[in-house]
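Student: File protein12.txt follows (compact mmCIF, C-alpha atoms):
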```txt
# COMPACT_ATOMS: atom_id res chain seq x y z
CA MET A 1 99.66 27.89 132.61
CA ARG A 2 101.66 25.10 134.21
CA LYS A 3 98.64 22.78 134.35
CA TRP A 4 98.04 23.40 130.64
CA PHE A 5 101.52 22.20 129.86
CA ILE A 6 101.09 19.09 131.97
CA GLY A 7 97.76 18.17 130.41
CA GLY A 8 97.05 19.64 127.01
CA MET A 9 100.64 19.64 125.82
CA LEU A 10 101.19 15.91 126.36
CA GLY A 11 99.05 14.70 123.48
CA LEU A 12 100.32 17.47 121.23
CA LEU A 13 103.98 16.71 121.88
CA ILE A 14 103.48 12.99 121.28
CA ALA A 15 101.64 13.66 118.03
CA LEU A 16 104.09 16.19 116.60
CA PRO A 17 106.72 15.00 114.14
CA SER A 18 110.39 15.09 115.10
CA SER A 19 111.62 18.60 115.94
CA GLY A 20 108.03 19.79 115.87
CA PHE A 21 108.97 22.61 118.24
CA ALA A 22 111.78 25.08 117.64
CA GLN A 23 112.59 26.46 121.07
CA ALA A 24 113.09 30.20 121.40
CA ARG A 25 115.97 31.70 123.34
CA GLY A 26 114.94 32.49 126.87
CA PHE A 27 112.48 29.57 127.00
CA ILE A 28 113.06 25.91 127.92
CA LEU A 29 110.57 23.05 127.69
CA MET A 30 111.21 20.03 129.91
CA ALA A 31 109.58 16.59 129.95
CA SER A 32 109.50 15.52 133.59
CA THR A 33 108.49 12.41 135.45
CA ILE A 34 105.27 13.16 137.32
CA GLY A 35 106.29 12.55 140.95
CA PRO A 36 108.55 15.60 141.31
CA ILE A 37 105.86 17.72 139.61
CA ASP A 38 103.17 16.52 142.01
CA SER A 39 105.43 17.25 144.98
CA GLY A 40 105.80 20.87 143.86
CA ILE A 41 109.57 20.84 143.60
CA VAL A 42 109.67 21.19 139.81
CA GLY A 43 107.58 24.34 139.94
CA ALA A 44 109.64 25.75 142.80
CA LEU A 45 112.88 25.22 140.89
CA GLU A 46 111.48 26.66 137.67
CA ASP A 47 110.14 29.77 139.40
CA ARG A 48 113.36 30.52 141.27
CA PHE A 49 115.47 29.99 138.15
CA GLU A 50 113.28 32.36 136.14
CA LYS A 51 113.52 35.03 138.85
CA GLU A 52 117.31 34.79 138.88
CA THR A 53 117.97 34.50 135.14
CA GLY A 54 114.90 35.69 133.25
CA ILE A 55 114.80 32.34 131.42
CA ARG A 56 111.38 30.71 131.52
CA VAL A 57 111.07 26.95 132.04
CA ARG A 58 107.83 25.06 131.52
CA HIS A 59 107.20 21.34 131.67
CA VAL A 60 105.03 18.53 130.44
CA GLY A 61 104.49 15.71 132.91
CA ALA A 62 104.60 12.04 131.94
CA GLY A 63 105.95 8.77 133.23
CA THR A 64 109.64 8.37 132.48
CA GLY A 65 109.01 6.06 129.51
CA ALA A 66 106.56 8.51 127.93
CA ALA A 67 108.77 11.52 128.74
CA LEU A 68 111.68 9.92 126.92
CA LYS A 69 109.43 9.11 123.95
CA ILE A 70 108.49 12.79 123.71
CA ALA A 71 112.17 13.75 123.85
CA GLU A 72 112.99 11.24 121.10
CA LYS A 73 111.09 13.54 118.72
CA GLY A 74 113.14 16.58 119.72
CA ASN A 75 110.05 18.36 121.02
CA VAL A 76 111.58 19.23 124.39
CA ASP A 77 114.98 20.51 125.49
CA LEU A 78 115.49 18.52 128.68
CA VAL A 79 114.24 15.40 130.45
CA MET A 80 113.93 14.76 134.19
CA ALA A 81 113.70 11.00 134.69
CA HIS A 82 114.19 8.18 137.19
CA ALA A 83 114.67 4.90 135.37
CA LYS A 84 118.37 4.26 134.80
CA VAL A 85 118.01 1.48 132.22
CA LEU A 86 115.63 3.54 130.05
CA GLU A 87 117.79 6.66 130.44
CA GLU A 88 120.96 4.84 129.40
CA LYS A 89 119.26 3.45 126.30
CA PHE A 90 117.97 6.93 125.41
CA ILE A 91 121.54 8.23 125.52
CA ALA A 92 123.03 5.21 123.73
CA ASP A 93 120.52 5.71 120.92
CA GLY A 94 121.80 9.26 120.47
CA TYR A 95 118.80 11.19 121.75
CA GLY A 96 120.42 12.54 124.92
CA THR A 97 123.89 13.83 125.69
CA GLU A 98 124.49 12.54 129.23
CA ARG A 99 122.82 11.41 132.43
CA ILE A 100 123.35 14.08 135.10
CA PRO A 101 122.55 13.20 138.75
CA LEU A 102 120.17 15.71 140.36
CA MET A 103 118.51 14.34 143.49
CA TYR A 104 117.12 11.23 145.12
CA ASN A 105 114.56 9.97 147.57
CA ASP A 106 113.34 6.44 148.10
CA PHE A 107 110.50 4.08 147.40
CA VAL A 108 108.42 2.48 150.12
CA ILE A 109 105.74 -0.19 150.20
CA LEU A 110 102.45 1.14 151.46
CA GLY A 111 99.52 -0.89 152.66
CA PRO A 112 96.53 -0.94 154.99
CA ALA A 113 97.33 -0.78 158.70
CA ALA A 114 95.79 -4.24 159.15
CA ASP A 115 98.55 -5.58 156.85
CA PRO A 116 96.88 -8.82 155.65
CA ALA A 117 100.10 -10.06 154.02
CA GLY A 118 102.12 -9.55 157.21
CA ILE A 119 104.95 -7.53 155.64
CA ARG A 120 105.32 -4.84 158.30
CA GLY A 121 108.96 -4.28 159.20
CA MET A 122 110.45 -6.64 156.61
CA LYS A 123 114.01 -5.66 155.72
CA THR A 124 113.79 -5.85 151.95
CA GLY A 125 111.26 -4.95 149.30
CA ALA A 126 111.76 -8.31 147.59
CA GLU A 127 110.88 -10.21 150.78
CA ALA A 128 107.73 -8.10 151.17
CA LEU A 129 106.59 -8.61 147.59
CA LYS A 130 107.08 -12.39 147.96
CA ALA A 131 104.77 -12.33 150.97
CA ILE A 132 102.16 -10.23 149.16
CA ALA A 133 102.19 -12.63 146.20
CA ALA A 134 101.98 -15.68 148.46
CA LYS A 135 98.90 -14.27 150.16
CA GLU A 136 97.53 -12.93 146.86
CA ALA A 137 96.81 -9.71 148.70
CA LYS A 138 95.42 -6.91 146.56
CA PHE A 139 98.24 -4.89 144.96
CA ILE A 140 97.91 -1.86 142.69
CA THR A 141 100.50 -1.05 140.03
CA ARG A 142 100.78 1.87 137.65
CA GLY A 143 101.66 -0.55 134.86
CA ASP A 144 102.72 2.26 132.53
CA LYS A 145 106.51 1.87 132.14
CA SER A 146 107.00 4.98 134.25
CA GLY A 147 110.05 5.22 136.48
CA THR A 148 107.97 4.07 139.44
CA HIS A 149 106.63 1.09 137.52
CA VAL A 150 110.10 0.15 136.24
CA ALA A 151 111.47 0.30 139.80
CA GLU A 152 108.60 -1.82 141.07
CA MET A 153 109.20 -4.45 138.39
CA ASP A 154 112.89 -4.52 139.30
CA ILE A 155 111.98 -5.48 142.88
CA TRP A 156 109.57 -8.15 141.63
CA ALA A 157 112.46 -9.51 139.54
CA LYS A 158 114.69 -9.56 142.62
CA ALA A 159 111.92 -11.56 144.32
CA GLY A 160 111.91 -14.01 141.40
CA ILE A 161 108.24 -13.36 140.68
CA LYS A 162 106.29 -12.29 137.60
CA PRO A 163 103.17 -10.88 139.24
CA ALA A 164 99.88 -11.90 137.67
CA GLY A 165 96.38 -12.77 138.72
CA PRO A 166 93.25 -11.04 139.97
CA TRP A 167 95.11 -9.78 143.06
CA TYR A 168 97.62 -7.81 140.93
CA VAL A 169 95.72 -4.91 139.40
CA THR A 170 96.94 -2.30 136.90
CA TYR A 171 95.29 1.00 137.71
CA GLU A 172 93.55 2.19 134.56
CA LYS A 173 94.63 5.78 135.22
CA GLY A 174 98.19 4.91 136.23
CA THR A 175 99.61 7.16 133.54
CA GLU A 176 98.24 10.14 135.48
CA GLY A 177 100.92 9.64 138.11
CA ASN A 178 101.81 8.48 141.59
CA ALA A 179 99.29 10.55 143.54
CA PRO A 180 96.17 9.25 141.72
CA THR A 181 97.53 5.69 141.91
CA THR A 182 98.14 6.00 145.65
CA ARG A 183 94.68 7.45 146.23
CA HIS A 184 93.14 4.54 144.31
CA ALA A 185 95.11 1.97 146.32
CA ASP A 186 93.96 3.73 149.48
CA SER A 187 90.32 3.68 148.37
CA ILE A 188 90.33 -0.13 148.11
CA GLY A 189 92.79 -0.89 150.92
CA ALA A 190 95.48 -2.33 148.64
CA TYR A 191 99.26 -2.48 148.75
CA VAL A 192 101.21 -0.18 146.45
CA PHE A 193 104.87 0.48 145.62
CA MET A 194 105.38 4.24 145.85
CA ASP A 195 107.94 6.99 146.34
CA ARG A 196 108.20 8.53 149.79
CA ALA A 197 107.60 12.07 148.52
CA THR A 198 104.16 11.10 147.25
CA TYR A 199 103.33 9.44 150.56
CA LEU A 200 104.39 12.48 152.57
CA ALA A 201 102.38 14.79 150.32
CA LEU A 202 99.24 12.62 150.75
CA LYS A 203 99.79 11.40 154.31
CA LYS A 204 97.03 13.54 155.85
CA GLU A 205 94.38 12.39 153.39
CA ILE A 206 95.01 8.63 153.12
CA LYS A 207 94.86 5.69 155.50
CA LEU A 208 97.66 3.66 153.93
CA VAL A 209 100.84 3.49 155.99
CA ILE A 210 104.48 2.72 155.29
CA LEU A 211 105.08 -0.96 155.99
CA VAL A 212 108.48 -1.55 154.36
CA GLU A 213 111.24 1.03 153.92
CA LYS A 214 114.98 1.76 154.09
CA ASP A 215 116.06 -1.03 151.76
CA GLU A 216 119.01 0.23 149.70
CA ALA A 217 117.41 -1.36 146.63
CA LEU A 218 114.52 1.09 147.06
CA LEU A 219 116.59 4.24 146.51
CA ASN A 220 115.09 6.42 143.78
CA TYR A 221 117.63 8.43 141.78
CA ILE A 222 116.38 11.29 139.62
CA SER A 223 118.50 12.53 136.72
CA LEU A 224 118.60 15.23 134.09
CA ILE A 225 119.25 14.42 130.44
CA PRO A 226 119.78 17.27 127.94
CA VAL A 227 118.37 16.43 124.52
CA ASN A 228 121.13 16.04 121.91
CA PRO A 229 121.53 19.27 119.87
CA ARG A 230 123.46 17.41 117.18
CA LYS A 231 120.39 15.30 116.51
CA PHE A 232 117.91 18.16 116.99
CA PRO A 233 119.63 21.46 116.08
CA ARG A 234 116.52 23.56 116.77
CA ILE A 235 116.34 22.86 120.51
CA ASN A 236 117.48 25.52 122.99
CA HIS A 237 120.60 23.76 124.21
CA ARG A 238 122.40 26.90 125.42
CA ASP A 239 119.71 27.94 127.92
CA THR A 240 119.12 24.30 128.85
CA MET A 241 122.72 23.93 129.98
CA THR A 242 122.42 27.20 131.94
CA PHE A 243 119.45 25.62 133.73
CA VAL A 244 121.32 22.35 134.31
CA LYS A 245 124.31 24.19 135.75
CA TRP A 246 121.99 26.16 138.06
CA LEU A 247 120.11 23.04 139.18
CA THR A 248 123.33 21.22 140.05
CA ASN A 249 124.98 24.21 141.76
CA PRO A 250 125.36 23.52 145.51
CA GLU A 251 124.31 27.08 146.38
CA LYS A 252 121.42 27.29 143.89
CA GLY A 253 119.16 24.42 142.87
CA GLN A 254 120.75 21.87 145.19
CA ARG A 255 120.14 24.04 148.25
CA ILE A 256 116.47 24.44 147.29
CA ILE A 257 116.20 20.66 146.92
CA ARG A 258 117.84 20.17 150.33
CA ASP A 259 115.27 22.34 152.07
CA PHE A 260 112.13 21.62 150.04
CA GLY A 261 109.35 20.15 152.15
CA LYS A 262 110.95 20.65 155.56
CA ASP A 263 108.53 23.34 156.70
CA LYS A 264 105.40 21.53 155.51
CA TYR A 265 106.25 17.88 156.14
CA GLY A 266 108.94 18.04 158.81
CA SER A 267 111.50 16.43 156.53
CA PRO A 268 112.75 17.05 152.98
CA LEU A 269 111.03 15.28 150.10
CA PHE A 270 114.29 14.88 148.15
CA PHE A 271 118.03 14.94 148.79
CA PRO A 272 120.66 16.74 146.65
CA ASN A 273 122.77 14.42 144.53
CA SER A 274 124.65 16.47 141.93
CA GLU A 275 128.36 15.88 141.48
CA PRO A 276 129.23 19.44 142.65
CA TRP A 277 127.08 18.92 145.77
CA ARG A 278 128.70 15.57 146.58
CA LYS A 279 132.17 17.00 146.12
CA LYS A 280 131.38 19.84 148.51
CA TYR A 281 129.16 18.20 151.11
CA GLY A 282 129.29 14.43 150.61
CA THR A 283 126.64 11.99 149.42
CA LYS A 284 124.22 12.55 152.30
CA GLY A 285 124.05 16.33 151.99
```
What do you get writing this file as structure tokens?
Tutor:
Amino acid sequence: MRKWFIGGMLGLLIALPSSGFAQARGFILMASTIGPIDSGIVGALEDRFEKETGIRVRHVGAGTGAALKIAEKGNVDLVMAHAKVLEEKFIADGYGTERIPLMYNDFVILGPAADPAGIRGMKTGAEALKAIAAKEAKFITRGDKSGTHVAEMDIWAKAGIKPAGPWYVTYEKGTEGNAPTTRHADSIGAYVFMDRATYLALKKEIKLVILVEKDEALLNYISLIPVNPRKFPRINHRDTMTFVKWLTNPEKGQRIIRDFGKDKYGSPLFFPNSEPWRKKYGTKG
């Protein structure tokens, strides 16, 4: 069922007119950026919430830009996104009510172990991208205005570079998400800008390694945005806010986020970042 929502629902939701779906009580539909779906955390949160409340949550996966476009038609109740500029515009335009911090991880720059551009251990992402561009080393980008792509372009801007040329390649299936993009970069031995959760999930099957990390500019904040019920009266705002409250509760969703991935990967894939969590435990959880 969940795969059907990720795949078949995407085209349908984009094609539907505004408020094409009237959400029933006890059911929430969320448009989510793909990375958290691929990691498994979205499904884990949905399943636990349903067990505790009886309210079903299902999702459609898309890059942040596409997810917000779906929400602009009122066809979902909630958005999970990670591109602050796009999120703020969505809210300013009246489609969303507020930007609610949920969790974070970070981006890293992956590349072949041989590291032809010589970026290993550089302190900033901008410095590394400058070196990659100078060497014209093969670099794969999603190129789809997803949160990952927006974050990548922000680092290129910090480097003062507009990447272009045969070395800078947009993956034709970039809209399918971070995992397929990373696998493609791995298959041709290219550099790629990626979130750490995707790397940890794929680490055992790829040869690419982390070459640049722990730059504060690479932090990846993931937010929730309830769709505006004043603009779209038919959405299920009441149950959506129950879900949001549960997700941001330090003893509910935030605790699941804190522990998710520890058993399998040896470290969490995400870190709690809700306001209630930070008030209780501090920013580092």
Student: Find, counting only C-alpha atoms, the residue in A:Ile161, A:Ala71, A:Ala197, A:Leu102 that gets nearest to Pro272 (chain A).
Tutor: A:Leu102
Student: Between CA of Met103 (chain A) and CA of Met122 (chain A), what is the distance in Å, rounded to a tenth?
Tutor: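 Between CA of Met103 (chain A) and CA of Met122 (chain A) the gap works out to 26.0 Å.
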Student: Would you write out, as CSV, a table of all residues in region 41-102 of chain A that have an atom no more than 9 Å from an atom of region 229-248 of chain A, listing for each the closest atom pair and the distance in Å to one decimal, considering all atoms listed in the file and ordering rows by chain and rising residue number?
Tutor:
```
residue,atom,partner,partner_atom,distance
A:Leu45,CA,A:Leu247,CA,7.7
A:Glu46,CA,A:Phe243,CA,9.0
A:Phe49,CA,A:Phe243,CA,7.4
A:Ile55,CA,A:Asp239,CA,7.5
A:Val57,CA,A:Phe243,CA,8.7
A:Lys73,CA,A:Phe232,CA,8.4
A:Gly74,CA,A:Phe232,CA,5.7
A:Asn75,CA,A:Ile235,CA,7.8
A:Val76,CA,A:Ile235,CA,7.1
A:Asp77,CA,A:Ile235,CA,5.7
A:Leu78,CA,A:Thr240,CA,6.8
A:Gly94,CA,A:Lys231,CA,7.4
A:Tyr95,CA,A:Lys231,CA,6.8
A:Gly96,CA,A:Pro229,CA,8.5
A:Thr97,CA,A:Pro229,CA,8.3
A:Ile100,CA,A:Val244,CA,8.6
A:Pro101,CA,A:Thr248,CA,8.2
A:Leu102,CA,A:Thr248,CA,6.4
```
Student: Now that the selection is made, can you save its residues with C-alpha atoms as a PDB file, in the coordinates of the input?
Tutor:
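Result file result19.pdb:
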```
ATOM      1  CA  LEU A  45     112.880  25.220 140.890  1.00  0.00           C
ATOM      2  CA  GLU A  46     111.480  26.660 137.670  1.00  0.00           C
ATOM      3  CA  PHE A  49     115.470  29.990 138.150  1.00  0.00           C
ATOM      4  CA  ILE A  55     114.800  32.340 131.420  1.00  0.00           C
ATOM      5  CA  VAL A  57     111.070  26.950 132.040  1.00  0.00           C
ATOM      6  CA  LYS A  73     111.090  13.540 118.720  1.00  0.00           C
ATOM      7  CA  GLY A  74     113.140  16.580 119.720  1.00  0.00           C
ATOM      8  CA  ASN A  75     110.050  18.360 121.020  1.00  0.00           C
ATOM      9  CA  VAL A  76     111.580  19.230 124.390  1.00  0.00           C
ATOM     10  CA  ASP A  77     114.980  20.510 125.490  1.00  0.00           C
ATOM     11  CA  LEU A  78     115.490  18.520 128.680  1.00  0.00           C
ATOM     12  CA  GLY A  94     121.800   9.260 120.470  1.00  0.00           C
ATOM     13  CA  TYR A  95     118.800  11.190 121.750  1.00  0.00           C
ATOM     14  CA  GLY A  96     120.420  12.540 124.920  1.00  0.00           C
ATOM     15  CA  THR A  97     123.890  13.830 125.690  1.00  0.00           C
ATOM     16  CA  ILE A 100     123.350  14.080 135.100  1.00  0.00           C
ATOM     17  CA  PRO A 101     122.550  13.200 138.750  1.00  0.00           C
ATOM     18  CA  LEU A 102     120.170  15.710 140.360  1.00  0.00           C
TER      19      LEU A 102
END
```
Student: Work out how far apart CA of Thr198 (chain A) and CA of Gly143 (chain A) are and give it in Å to one decimal.
Tutor: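 We find that CA of Thr198 (chain A) and CA of Gly143 (chain A) lie 17.2 Å from each other.
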Student: Work out how far apart CA of Ile210 (chain A) and CA of His184 (chain A) are and give it in Å to one decimal.
Tutor: 15.9 Å
Student: So which one's closest to Gly65 (chain A), A:Asp93, A:Glu172, A:Asp144, A:Asp263? Using all atoms listed in the file, please.
Tutor: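 With all atoms listed in the file as the atom set, the closest residue is A:Asp144.
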Student: Identify, on the basis of all atoms listed in the file, every residue whose closest approach to Tyr191 (chain A) does not exceed 8 Å; exclude the query and any residue fewer than 5 positions from it along the same chain; express the result as a compact mmCIF listing (two decimals) with C-alpha atoms, keeping the file's coordinate frame.
Tutor:
```
# COMPACT_ATOMS: atom_id res chain seq x y z
CA ILE A 109 105.74 -0.19 150.20
CA LEU A 110 102.45 1.14 151.46
CA GLY A 111 99.52 -0.89 152.66
CA PRO A 112 96.53 -0.94 154.99
CA ALA A 137 96.81 -9.71 148.70
CA LYS A 138 95.42 -6.91 146.56
CA PHE A 139 98.24 -4.89 144.96
CA ILE A 140 97.91 -1.86 142.69
CA ALA A 185 95.11 1.97 146.32
```
Student: Nearest to Lys123 (chain A) among A:Ala217, A:Ser146, A:Lys207, A:Pro166, with distances taken over all atoms listed in the file: which residue is it?
Tutor: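 Result for the nearest residue to Lys123 (chain A): A:Ala217.
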Student: Using all atoms listed in the file for the distances, tell me which of A:Met153, A:Ile41, A:Glu88, A:Ile28 is nearest to Ile225 (chain A).
Tutor: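 Going through A:Met153, A:Ile41, A:Glu88, A:Ile28 one by one, the smallest distance to Ile225 (chain A) is for A:Glu88.
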Student: Using all atoms listed in the file, which residue out of A:Val60, A:Leu29, A:Val108, A:Leu224 lies closest to Leu200 (chain A)?
Tutor: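 Closest candidate: A:Val108.
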Student: Could you check which of A:Val192, A:Ala157, A:Leu269, A:Leu129 is closest to Tyr171 (chain A), using only C-alpha atoms?
Tutor: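 Checking each of A:Val192, A:Ala157, A:Leu269, A:Leu129 against Tyr171 (chain A), counting only C-alpha atoms, the winner is A:Val192.
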Student: I'd like the box whose edges run along x, y and z of the file and which contains every listed atom of region 140-156 of chain A, padded by 6 Å per side; could you state its centre and edge lengths in Å, one decimal, as AutoDock Vina command-line options?
Tutor:
```
--center_x 105.4 --center_y -1.5 --center_z 137.5 --size_x 27.0 --size_y 25.4 --size_z 22.7
```
Student: Step by step: start from the point (110.8, 14.5, 155.1) in the file's coordinates, keep every protein, DNA or RNA residue that has an atom no farther than 12 Å from it, count only C-alpha atoms, and write the set as number ranges by chain.
Tutor: A: 39, 105-106, 195-201, 203, 257-271
Student: Would you pick out the contacts of Ile155 (chain A) at 12 Å or less, using all atoms listed in the file, so that residues sharing its chain but fewer than 4 positions from it are not included, and give the list as a list of chain:residue names?
Tutor: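 Residues near the query, excluding close chain neighbours: A:Phe107, A:Val108, A:Ile109, A:Thr124, A:Gly125, A:Ala126, A:Glu127, A:Ala128, A:Leu129, A:Lys130, A:Thr148, A:His149, A:Val150, A:Ala151, A:Ala159, A:Gly160, A:Ile161, A:Lys162, A:Pro163, A:Phe193, A:Asp215, A:Glu216, A:Ala217, A:Leu218, A:Leu219.
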Student: If I only want region 215-225 of chain A, can you write it with all heavy atoms, as a tab-separated table (two decimals), in the first residue's frame?
Tutor:
```
chain	number	residue	atom	x	y	z
A	215	ASP	N	30.62	20.33	8.23
A	215	ASP	CA	30.56	21.77	7.99
A	215	ASP	C	29.18	22.23	8.44
A	215	ASP	O	28.17	21.65	8.03
A	215	ASP	CB	30.78	22.03	6.49
A	215	ASP	CG	30.56	23.48	6.08
A	215	ASP	OD1	30.36	24.33	6.97
A	215	ASP	OD2	30.58	23.75	4.86
A	216	GLU	N	29.11	23.25	9.28
A	216	GLU	CA	27.82	23.71	9.79
A	216	GLU	C	26.86	24.08	8.65
A	216	GLU	O	25.64	23.93	8.77
A	216	GLU	CB	28.01	24.90	10.72
A	216	GLU	CG	26.74	25.32	11.44
A	216	GLU	CD	26.98	26.38	12.49
A	216	GLU	OE1	28.15	26.61	12.87
A	216	GLU	OE2	25.99	27.00	12.93
A	217	ALA	N	27.42	24.53	7.53
A	217	ALA	CA	26.59	24.90	6.39
A	217	ALA	C	25.91	23.68	5.75
A	217	ALA	O	25.01	23.84	4.92
A	217	ALA	CB	27.43	25.63	5.34
A	218	LEU	N	26.34	22.49	6.15
A	218	LEU	CA	25.78	21.26	5.57
A	218	LEU	C	24.67	20.66	6.42
A	218	LEU	O	24.16	19.59	6.09
A	218	LEU	CB	26.89	20.22	5.37
A	218	LEU	CG	28.02	20.61	4.42
A	218	LEU	CD1	29.04	19.47	4.32
A	218	LEU	CD2	27.51	20.98	3.04
A	219	LEU	N	24.29	21.32	7.50
A	219	LEU	CA	23.18	20.80	8.31
A	219	LEU	C	21.89	20.79	7.50
A	219	LEU	O	21.61	21.70	6.71
A	219	LEU	CB	23.01	21.64	9.58
A	219	LEU	CG	24.09	21.46	10.65
A	219	LEU	CD1	23.85	22.42	11.81
A	219	LEU	CD2	24.14	20.02	11.14
A	220	ASN	N	21.10	19.75	7.71
A	220	ASN	CA	19.90	19.50	6.90
A	220	ASN	C	18.68	19.45	7.82
A	220	ASN	O	18.42	18.44	8.48
A	220	ASN	CB	20.07	18.17	6.16
A	220	ASN	CG	18.85	17.78	5.36
A	220	ASN	OD1	18.14	18.62	4.83
A	220	ASN	ND2	18.61	16.47	5.28
A	221	TYR	N	17.94	20.56	7.87
A	221	TYR	CA	16.80	20.66	8.78
A	221	TYR	C	15.51	20.25	8.06
A	221	TYR	O	15.21	20.75	6.96
A	221	TYR	CB	16.66	22.09	9.30
A	221	TYR	CG	17.79	22.49	10.22
A	221	TYR	CD1	18.85	23.26	9.76
A	221	TYR	CD2	17.81	22.06	11.55
A	221	TYR	CE1	19.90	23.63	10.60
A	221	TYR	CE2	18.86	22.42	12.40
A	221	TYR	CZ	19.89	23.19	11.92
A	221	TYR	OH	20.92	23.53	12.75
A	222	ILE	N	14.76	19.38	8.69
A	222	ILE	CA	13.51	18.85	8.13
A	222	ILE	C	12.34	19.38	8.94
A	222	ILE	O	12.34	19.30	10.18
A	222	ILE	CB	13.53	17.32	8.12
A	222	ILE	CG1	14.68	16.84	7.21
A	222	ILE	CG2	12.19	16.74	7.64
A	222	ILE	CD1	14.95	15.37	7.28
A	223	SER	N	11.35	19.93	8.24
A	223	SER	CA	10.23	20.60	8.90
A	223	SER	C	8.89	19.99	8.48
A	223	SER	O	8.78	19.30	7.47
A	223	SER	CB	10.22	22.08	8.54
A	223	SER	OG	11.45	22.70	8.84
A	224	LEU	N	7.88	20.29	9.29
A	224	LEU	CA	6.50	19.96	8.98
A	224	LEU	C	5.76	21.25	8.66
A	224	LEU	O	5.96	22.26	9.33
A	224	LEU	CB	5.82	19.28	10.16
A	224	LEU	CG	6.44	17.98	10.67
A	224	LEU	CD1	5.84	17.61	12.02
A	224	LEU	CD2	6.23	16.87	9.66
A	225	ILE	N	4.89	21.20	7.66
A	225	ILE	CA	4.06	22.35	7.34
A	225	ILE	C	2.62	21.87	7.14
A	225	ILE	O	2.32	21.20	6.14
A	225	ILE	CB	4.51	23.08	6.06
A	225	ILE	CG1	5.99	23.44	6.14
A	225	ILE	CG2	3.67	24.33	5.84
A	225	ILE	CD1	6.53	24.07	4.87
```
